[in-house]
Each structure stands twice: as C-alpha cells, then as structure tokens.
$ cat work-v3.txt   # compact mmCIF, C-alpha atoms and all ligand atoms
# COMPACT_ATOMS: atom_id res chain seq x y z
CA MET A 30 22.57 12.67 -5.09
CA ARG A 31 19.13 11.26 -5.77
CA GLU A 32 17.94 12.35 -9.15
CA PHE A 33 14.59 11.84 -10.86
CA ILE A 34 13.51 12.25 -14.47
CA LEU A 35 9.79 12.24 -15.13
CA ARG A 36 8.72 11.96 -18.76
CA ALA A 37 5.47 13.93 -18.93
CA ARG A 38 4.20 13.14 -22.36
CA ARG A 39 1.34 15.60 -22.66
CA ALA A 40 2.27 18.22 -20.08
CA SER A 41 1.66 21.68 -21.49
CA THR A 42 4.55 23.83 -22.68
CA HIS A 43 2.16 26.74 -23.19
CA ALA A 44 2.99 29.60 -20.84
CA ALA A 45 -0.68 30.39 -20.26
CA PHE A 46 -2.07 27.10 -19.01
CA SER A 47 -4.67 27.52 -16.31
CA LEU A 48 -3.50 27.04 -12.73
CA ASN A 49 -7.14 26.32 -11.92
CA ASP A 50 -7.27 23.35 -14.26
CA LEU A 51 -3.96 21.49 -14.15
CA LEU A 52 -5.58 18.30 -15.36
CA HIS A 53 -6.32 19.93 -18.71
CA ALA A 54 -2.79 21.30 -18.94
CA GLY A 55 -1.70 17.81 -19.96
CA ASN A 56 -1.93 16.39 -16.44
CA MET A 57 0.31 19.05 -14.95
CA ASN A 58 -1.12 17.99 -11.57
CA VAL A 59 0.80 14.72 -11.91
CA VAL A 60 4.04 16.59 -12.61
CA ALA A 61 3.53 19.03 -9.73
CA SER A 62 2.65 16.39 -7.16
CA ALA A 63 5.60 14.21 -8.18
CA ILE A 64 7.95 17.17 -7.71
CA SER A 65 6.44 17.98 -4.33
CA ASN A 66 6.77 14.39 -3.15
CA ALA A 67 10.35 14.11 -4.37
CA ILE A 68 11.66 17.27 -2.74
CA TRP A 69 9.61 18.08 0.33
CA VAL A 70 9.15 16.24 3.60
CA SER A 71 7.18 17.27 6.63
CA GLY A 72 8.75 20.45 7.93
CA GLY A 73 11.42 20.86 5.30
CA ILE A 74 13.22 20.15 2.09
CA ARG A 75 15.32 17.06 1.40
CA LYS A 76 19.02 17.53 0.73
CA ASP A 77 20.71 16.44 -2.50
CA VAL A 78 17.65 15.81 -4.66
CA VAL A 79 17.29 16.99 -8.24
CA PHE A 80 14.04 16.52 -10.09
CA HIS A 81 13.75 17.00 -13.84
CA ALA A 82 10.32 17.06 -15.48
CA VAL A 83 10.48 16.72 -19.25
CA LEU A 84 7.31 18.31 -20.59
CA GLU A 85 6.51 16.98 -24.04
CA GLY A 86 3.13 18.57 -24.71
CA PRO A 87 2.34 21.32 -27.21
CA PRO A 88 3.21 23.87 -28.38
CA SER A 89 6.98 23.75 -27.79
CA GLY A 90 7.95 20.50 -26.08
CA PRO A 91 10.25 19.08 -25.07
CA LYS A 92 11.20 21.37 -22.22
CA ALA A 93 13.08 20.11 -19.19
CA VAL A 94 12.31 21.95 -15.94
CA SER A 95 14.76 21.08 -13.16
CA PHE A 96 14.35 21.65 -9.42
CA SER A 97 17.47 21.39 -7.21
CA SER A 98 16.58 20.88 -3.57
CA ASN A 99 19.85 22.30 -2.20
CA GLU A 100 19.20 25.66 -3.82
CA ILE A 101 15.49 26.27 -3.59
CA LYS A 102 14.24 28.54 -0.84
CA GLY A 103 10.84 29.87 0.10
CA LEU A 104 8.85 27.93 -2.48
CA GLY A 105 5.35 26.62 -1.91
CA TYR A 106 5.10 22.85 -2.12
CA ASP A 107 1.44 22.56 -3.10
CA GLU A 108 0.55 21.55 -6.66
CA ARG A 109 -0.65 24.99 -7.64
CA SER A 110 2.51 26.75 -6.47
CA ILE A 111 4.78 24.25 -8.19
CA ALA A 112 2.73 24.53 -11.37
CA SER A 113 3.11 28.30 -11.19
CA TYR A 114 6.93 27.95 -11.20
CA ILE A 115 6.64 25.67 -14.22
CA GLN A 116 4.48 28.31 -15.86
CA ILE A 117 7.18 30.93 -15.24
CA ALA A 118 9.69 28.48 -16.76
CA MET A 119 7.54 28.36 -19.89
CA GLN A 120 7.29 32.16 -19.98
CA LYS A 121 11.08 32.42 -19.81
CA SER A 122 11.89 29.81 -22.42
CA PRO A 123 10.03 30.43 -25.70
CA PHE A 124 13.16 31.25 -27.68
CA LEU A 125 15.64 28.76 -26.25
CA GLU A 126 17.73 26.93 -28.82
CA LEU A 127 17.99 23.17 -28.62
CA ASN A 128 19.97 22.19 -25.47
CA GLU A 129 20.18 25.78 -24.27
CA GLU A 130 19.07 26.47 -20.69
CA THR A 131 18.14 29.45 -18.58
CA LYS A 132 17.48 30.19 -14.92
CA VAL A 133 13.85 30.49 -13.84
CA ARG A 134 14.58 31.44 -10.23
CA ARG A 135 16.96 30.20 -7.57
CA GLY A 136 17.02 26.38 -7.76
CA ILE A 137 14.91 26.10 -10.90
CA MET A 138 16.27 25.86 -14.45
CA VAL A 139 14.56 25.29 -17.78
CA ALA A 140 16.14 23.81 -20.91
CA LYS A 141 14.99 23.03 -24.40
CA LYS A 142 16.05 19.41 -24.20
CA SER A 143 14.72 15.99 -25.09
CA PHE A 144 14.11 13.21 -22.60
CA GLU A 145 16.73 11.04 -24.35
CA ARG A 146 19.41 13.71 -24.28
CA LEU A 147 18.76 14.49 -20.61
CA VAL A 148 18.89 10.82 -19.57
CA TRP A 149 22.07 10.32 -21.56
CA GLU A 150 23.73 13.36 -19.93
CA ARG A 151 22.65 12.53 -16.40
CA SER A 152 23.51 8.83 -16.74
CA ARG A 153 27.24 9.50 -16.98
CA ASN A 154 27.83 9.75 -13.24
CA SER A 155 24.89 7.83 -11.85
CA GLN A 156 23.39 4.39 -11.60
CA VAL A 157 20.32 4.47 -13.87
CA LEU A 158 17.12 2.85 -12.63
CA VAL A 159 14.06 2.75 -14.88
CA LEU A 160 10.91 2.36 -12.81
CA ASP A 161 8.86 -0.50 -14.19
CA THR A 162 6.40 -2.83 -12.47
CA SER A 163 8.02 -5.83 -14.16
CA GLY A 164 11.55 -4.89 -13.11
CA ALA A 165 13.73 -6.27 -10.30
CA ASP A 166 12.30 -5.81 -6.82
CA ILE A 167 13.78 -2.70 -5.16
CA ARG A 168 14.16 -4.67 -1.93
CA GLY A 169 16.74 -6.96 -3.47
CA THR A 170 18.54 -4.37 -5.56
CA GLU A 171 21.68 -2.50 -4.62
CA LEU A 172 21.14 1.24 -4.87
CA LYS A 173 24.14 3.53 -5.27
CA LYS A 174 24.44 6.90 -3.59
CA ASN A 175 24.32 8.61 -6.96
CA ALA A 176 21.16 7.20 -8.47
CA LEU A 177 18.98 8.40 -11.31
CA PHE A 178 15.38 7.20 -11.29
CA VAL A 179 13.46 7.48 -14.57
CA PHE A 180 9.70 7.13 -14.74
CA GLY A 181 6.62 7.90 -16.77
CA ASP A 182 3.50 9.94 -16.10
CA ASN A 183 -0.05 8.61 -16.16
CA ILE A 184 0.42 7.55 -19.79
CA GLY A 185 3.60 5.62 -18.99
CA LEU A 186 6.91 5.44 -20.84
CA PRO A 187 6.47 4.91 -24.60
CA GLU A 188 7.72 1.71 -26.25
CA LYS A 189 10.43 3.56 -28.13
CA THR A 190 12.01 4.34 -24.75
CA GLU A 191 12.86 0.64 -24.50
CA LYS A 192 14.96 0.83 -27.66
CA PHE A 193 16.73 3.95 -26.42
CA PHE A 194 17.69 2.25 -23.15
CA ARG A 195 19.48 -0.56 -25.00
CA ASN A 196 22.40 1.84 -25.27
CA ILE A 197 22.35 3.03 -21.66
CA PRO A 198 23.43 0.70 -18.84
CA HIS A 199 20.45 0.54 -16.50
CA ILE A 200 18.37 -1.58 -14.18
CA ARG A 201 14.60 -1.93 -14.45
CA LEU A 202 13.28 -1.51 -10.96
CA SER A 203 9.94 -2.46 -9.46
CA LEU A 204 8.62 -0.65 -6.40
CA GLY A 205 6.04 -3.33 -5.74
CA PRO A 206 3.23 -5.25 -7.40
CA ALA A 207 0.68 -2.42 -7.69
CA MET A 208 0.74 0.06 -10.58
CA LEU A 209 1.19 3.30 -8.68
CA PHE A 210 0.57 6.93 -9.53
CA ALA A 211 3.73 8.58 -10.81
CA SER A 212 3.59 10.88 -7.80
CA HIS A 213 3.85 7.89 -5.44
CA CYS A 214 7.12 6.67 -6.90
CA PRO A 215 9.56 9.20 -5.41
CA VAL A 216 8.13 8.57 -1.93
CA LEU A 217 8.81 4.84 -2.12
CA VAL A 218 12.27 5.36 -3.60
CA HIS A 219 13.22 7.82 -0.84
CA ASN A 220 11.80 5.57 1.84
CA GLU A 221 13.91 2.64 0.70
CA MET A 222 17.07 4.72 0.44
CA ASP A 223 16.41 6.45 3.78
CA ARG A 224 16.08 3.07 5.49
CA ARG A 225 19.35 1.88 3.98
CA GLY A 226 21.11 5.13 4.77
CA VAL A 227 22.24 5.43 1.15
C1 LIG A 301 0.76 5.78 -13.45
S1 LIG A 301 2.12 4.84 -13.93
C2 LIG A 301 1.85 4.57 -15.67
C3 LIG A 301 0.61 3.85 -16.01
C4 LIG A 301 0.50 3.58 -17.48
N1 LIG A 301 -0.88 3.35 -17.80
C5 LIG A 301 1.32 2.35 -17.88
O1 LIG A 301 0.75 1.31 -18.07
O2 LIG A 301 2.56 2.47 -17.97
C6 LIG A 301 3.42 5.99 -13.97
C7 LIG A 301 4.82 5.46 -13.94
O3 LIG A 301 5.16 5.13 -12.61
C8 LIG A 301 6.09 4.07 -12.59
N2 LIG A 301 5.49 3.02 -11.76
C9 LIG A 301 4.23 2.92 -11.34
N3 LIG A 301 4.07 1.87 -10.52
C10 LIG A 301 5.29 1.28 -10.42
C11 LIG A 301 5.80 0.15 -9.71
N4 LIG A 301 5.03 -0.61 -8.94
N5 LIG A 301 7.10 -0.13 -9.84
C12 LIG A 301 7.93 0.61 -10.61
N6 LIG A 301 7.50 1.69 -11.29
C13 LIG A 301 6.20 2.02 -11.21
C14 LIG A 301 6.35 3.67 -14.03
O4 LIG A 301 7.53 4.28 -14.48
C15 LIG A 301 5.14 4.25 -14.76
O5 LIG A 301 5.44 4.60 -16.07

$ encode --input "work-v3.txt" --output "structure tokens"
Amino acid sequence: MREFILRARRASTHAAFSLNDLLHAGNMNVVASAISNAIWVSGGIRKDVVFHAVLEGPPSGPKAVSFSSNEIKGLGYDERSIASYIQIAMQKSPFLELNEETKVRRGIMVAKKSFERLVWERSRNSQVLVLDTSGADIRGTELKKNALFVFGDNIGLPEKTEKFFRNIPHIRLSLGPAMLFASHCPVLVHNEMDRRGV
C-alpha cells in the first residue's frame, strides 16, 4: 500500500467554497491536483493507493478527507471534480466529534482528525517517509511495500512538525534538488516505486 498524507494548512473547511476559485479556498487547487496525481494514471486508477488530505483552514479544521483508490469508481480526476468531492465531504461533516469519521461516497471518507493523530495512526504498519528537500536521496533509500509519504502544501510543513516527528520513527526523503510543487511529489514517488517494482 502506498499512502500519502498532505498537510494543507489553509485549505478551506467551509462547505461553500467556490469551485470556480480554488486558489482562494486556501489553495484547494494544490490539494486537488496532488490527489489526482497520486491516484490516477493515463487510462485508469492506480491500485493500492490511499491519499489523505488534512485540511486545516477555517472554519472547522482539521478535517481529514481520504481517497482509497481500490474503492473509488466513476470519479472525475480533474481539479474541479476532486474539489467538488471535498466540498461534499465538508457538507457531510459539520457535526463530527473529534476522531469520528463518516462516508462521503464510495472510496471517500471524512474525519474530524488532526494531522498528528492521523500520522500516528497510519505509521503503525508502514515505513514513514517525510518529504523534505534536505532529506536522504530517494535513489539511495530502501522503500518498503507499505510506505507512508508525508508532505506539505505550498506553505510547507510547519516547524512544530519536526518536534512531533521526534517520537515517530521516520526517514526524511528528498525527491531531488529542486523545490517542487506539492502536486509533483506523488508522481516522483510512484515513478521510483514503479521502477523498483515495490
Ligand atoms: C511547494 S513545497 C513547500 C514549499 C514551502 N515554501 C517550503 O519552503 O517548505 C511542498 C512540499 O513538497 C515537498 N517537497 C517539495 N520538493 C521536494 C523535494 N525536492 N524533495 C522532497 N520533498 C519535496 C515538501 O514536503 C514540501 O513541504
């Protein structure tokens, strides 16, 4: 299983953000394009990929929206369509208690859950790799079949994340020398794992 957690620090948790202006919904375009790149390939959907976007923007963040590639069917993979599923997730989740989750539609869940809690939960059965330009080069790093890749949005991961990760076994992983868009990261991760047959 290849799993991704994107920390989207300003992404809107308002159910009525405009699908015509994703940029002003806390850079929801970044979230949507990262999800598309993680799950879809030309002509189909990847197997065994789960993508969690933790939306931390107002008014009710954090909310974790999770897409499971093995279950989704008939979804659009363009930014607008993906953002519309996230919008439905926000419509269905205003009264969730902390750590409670609910189904949005087949293959999509939403939870009222913090980034830290989600990483901690998902780290139990996976190798944890925190994407960081100053980390170890992916080309020289062993990647396990069950791998959890954690990355930031256009703002990046906050400094306090570093402290949190002191208690979670992990590897800091560089995908190359250039600072990439968040949406580029899943493509490079998949490419490396595809080549290795992991
Ligand atoms: C657009 S970048 C963040 C830019 C932000 N201004 C910063 O300085 O952190 C989004 C995220 O992608 C990941 N990332 C980008 N380029 C990377 C690279 N070359 N190697 C590893 N991770 C990378 C990091 O997790 C980063 O937080």

$ residues_near_ligand --input "work-v3.txt" --ligand "ligand LIG 301 (chain A)" --cutoff "7 Å" --atoms "all atoms listed in the file" --output "JSON, numbers by chain"
{"A": [159, 160, 161, 162, 179, 180, 181, 182, 183, 184, 185, 186, 202, 203, 204, 205, 206, 207, 208, 209, 210, 211, 214]}

$ residues_around --input "work-v3.txt" --residues "Leu125 (chain A)" --least-positions-apart "5" --cutoff "9 Å" --atoms "only C-alpha atoms" --output "number ranges by chain"
A: 130-131, 140-141

$ write_last_selection --input "work-v3.txt" --atoms "C-alpha atoms" --output "PDB file, in the frame of the given file"
ATOM      1  CA  GLU A 130      19.070  26.470 -20.690  1.00  0.00           C
ATOM      2  CA  THR A 131      18.140  29.450 -18.580  1.00  0.00           C
ATOM      3  CA  ALA A 140      16.140  23.810 -20.910  1.00  0.00           C
ATOM      4  CA  LYS A 141      14.990  23.030 -24.400  1.00  0.00           C
TER       5      LYS A 141
END

$ closest_residue --input "work-v3.txt" --among "A:Arg134, A:Ala176, A:Ser122, A:Ile117" --to "Glu100 (chain A)" --atoms "only C-alpha atoms"
A:Arg134

$ atom_distance --input "work-v3.txt" --atom1 "CA of Ala112 (chain A)" --atom2 "CA of Gly72 (chain A)"
20.6 Å

$ residues_around --input "work-v3.txt" --residues "His81 (chain A)" --least-positions-apart "2" --cutoff "10 Å" --atoms "only C-alpha atoms" --output "list in words"
Glu32, Phe33, Ile34, Leu35, Arg36, Val60, Ile64, Val79, Val83, Leu84, Lys92, Ala93, Val94, Ser95, Phe96, Ser97, Ile137, Met138, Val139, Phe144, Leu147, Val148 and Val179 of chain A

$ atom_distance --input "work-v3.txt" --atom1 "CA of Ser62 (chain A)" --atom2 "CA of Ile101 (chain A)"
16.6 Å

$ atom_distance --input "work-v3.txt" --atom1 "CA of Ser212 (chain A)" --atom2 "CA of Asn58 (chain A)"
9.3 Å

$ residues_around --input "work-v3.txt" --residues "Pro88 (chain A)" --least-positions-apart "2" --cutoff "12 Å" --atoms "all atoms listed in the file" --output "PDB file with C-alpha atoms, in the coordinates of the input"
ATOM      1  CA  ARG A  39       1.340  15.600 -22.660  1.00  0.00           C
ATOM      2  CA  ALA A  40       2.270  18.220 -20.080  1.00  0.00           C
ATOM      3  CA  SER A  41       1.660  21.680 -21.490  1.00  0.00           C
ATOM      4  CA  THR A  42       4.550  23.830 -22.680  1.00  0.00           C
ATOM      5  CA  HIS A  43       2.160  26.740 -23.190  1.00  0.00           C
ATOM      6  CA  ALA A  44       2.990  29.600 -20.840  1.00  0.00           C
ATOM      7  CA  ALA A  45      -0.680  30.390 -20.260  1.00  0.00           C
ATOM      8  CA  PHE A  46      -2.070  27.100 -19.010  1.00  0.00           C
ATOM      9  CA  ALA A  54      -2.790  21.300 -18.940  1.00  0.00           C
ATOM     10  CA  GLY A  55      -1.700  17.810 -19.960  1.00  0.00           C
ATOM     11  CA  LEU A  84       7.310  18.310 -20.590  1.00  0.00           C
ATOM     12  CA  GLU A  85       6.510  16.980 -24.040  1.00  0.00           C
ATOM     13  CA  GLY A  86       3.130  18.570 -24.710  1.00  0.00           C
ATOM     14  CA  GLY A  90       7.950  20.500 -26.080  1.00  0.00           C
ATOM     15  CA  PRO A  91      10.250  19.080 -25.070  1.00  0.00           C
ATOM     16  CA  LYS A  92      11.200  21.370 -22.220  1.00  0.00           C
ATOM     17  CA  MET A 119       7.540  28.360 -19.890  1.00  0.00           C
ATOM     18  CA  PRO A 123      10.030  30.430 -25.700  1.00  0.00           C
TER      19      PRO A 123
END

$ closest_residue --input "work-v3.txt" --among "A:Ile197, A:Val216, A:Ile74, A:Leu172" --to "Glu145 (chain A)" --atoms "all atoms listed in the file"
A:Ile197
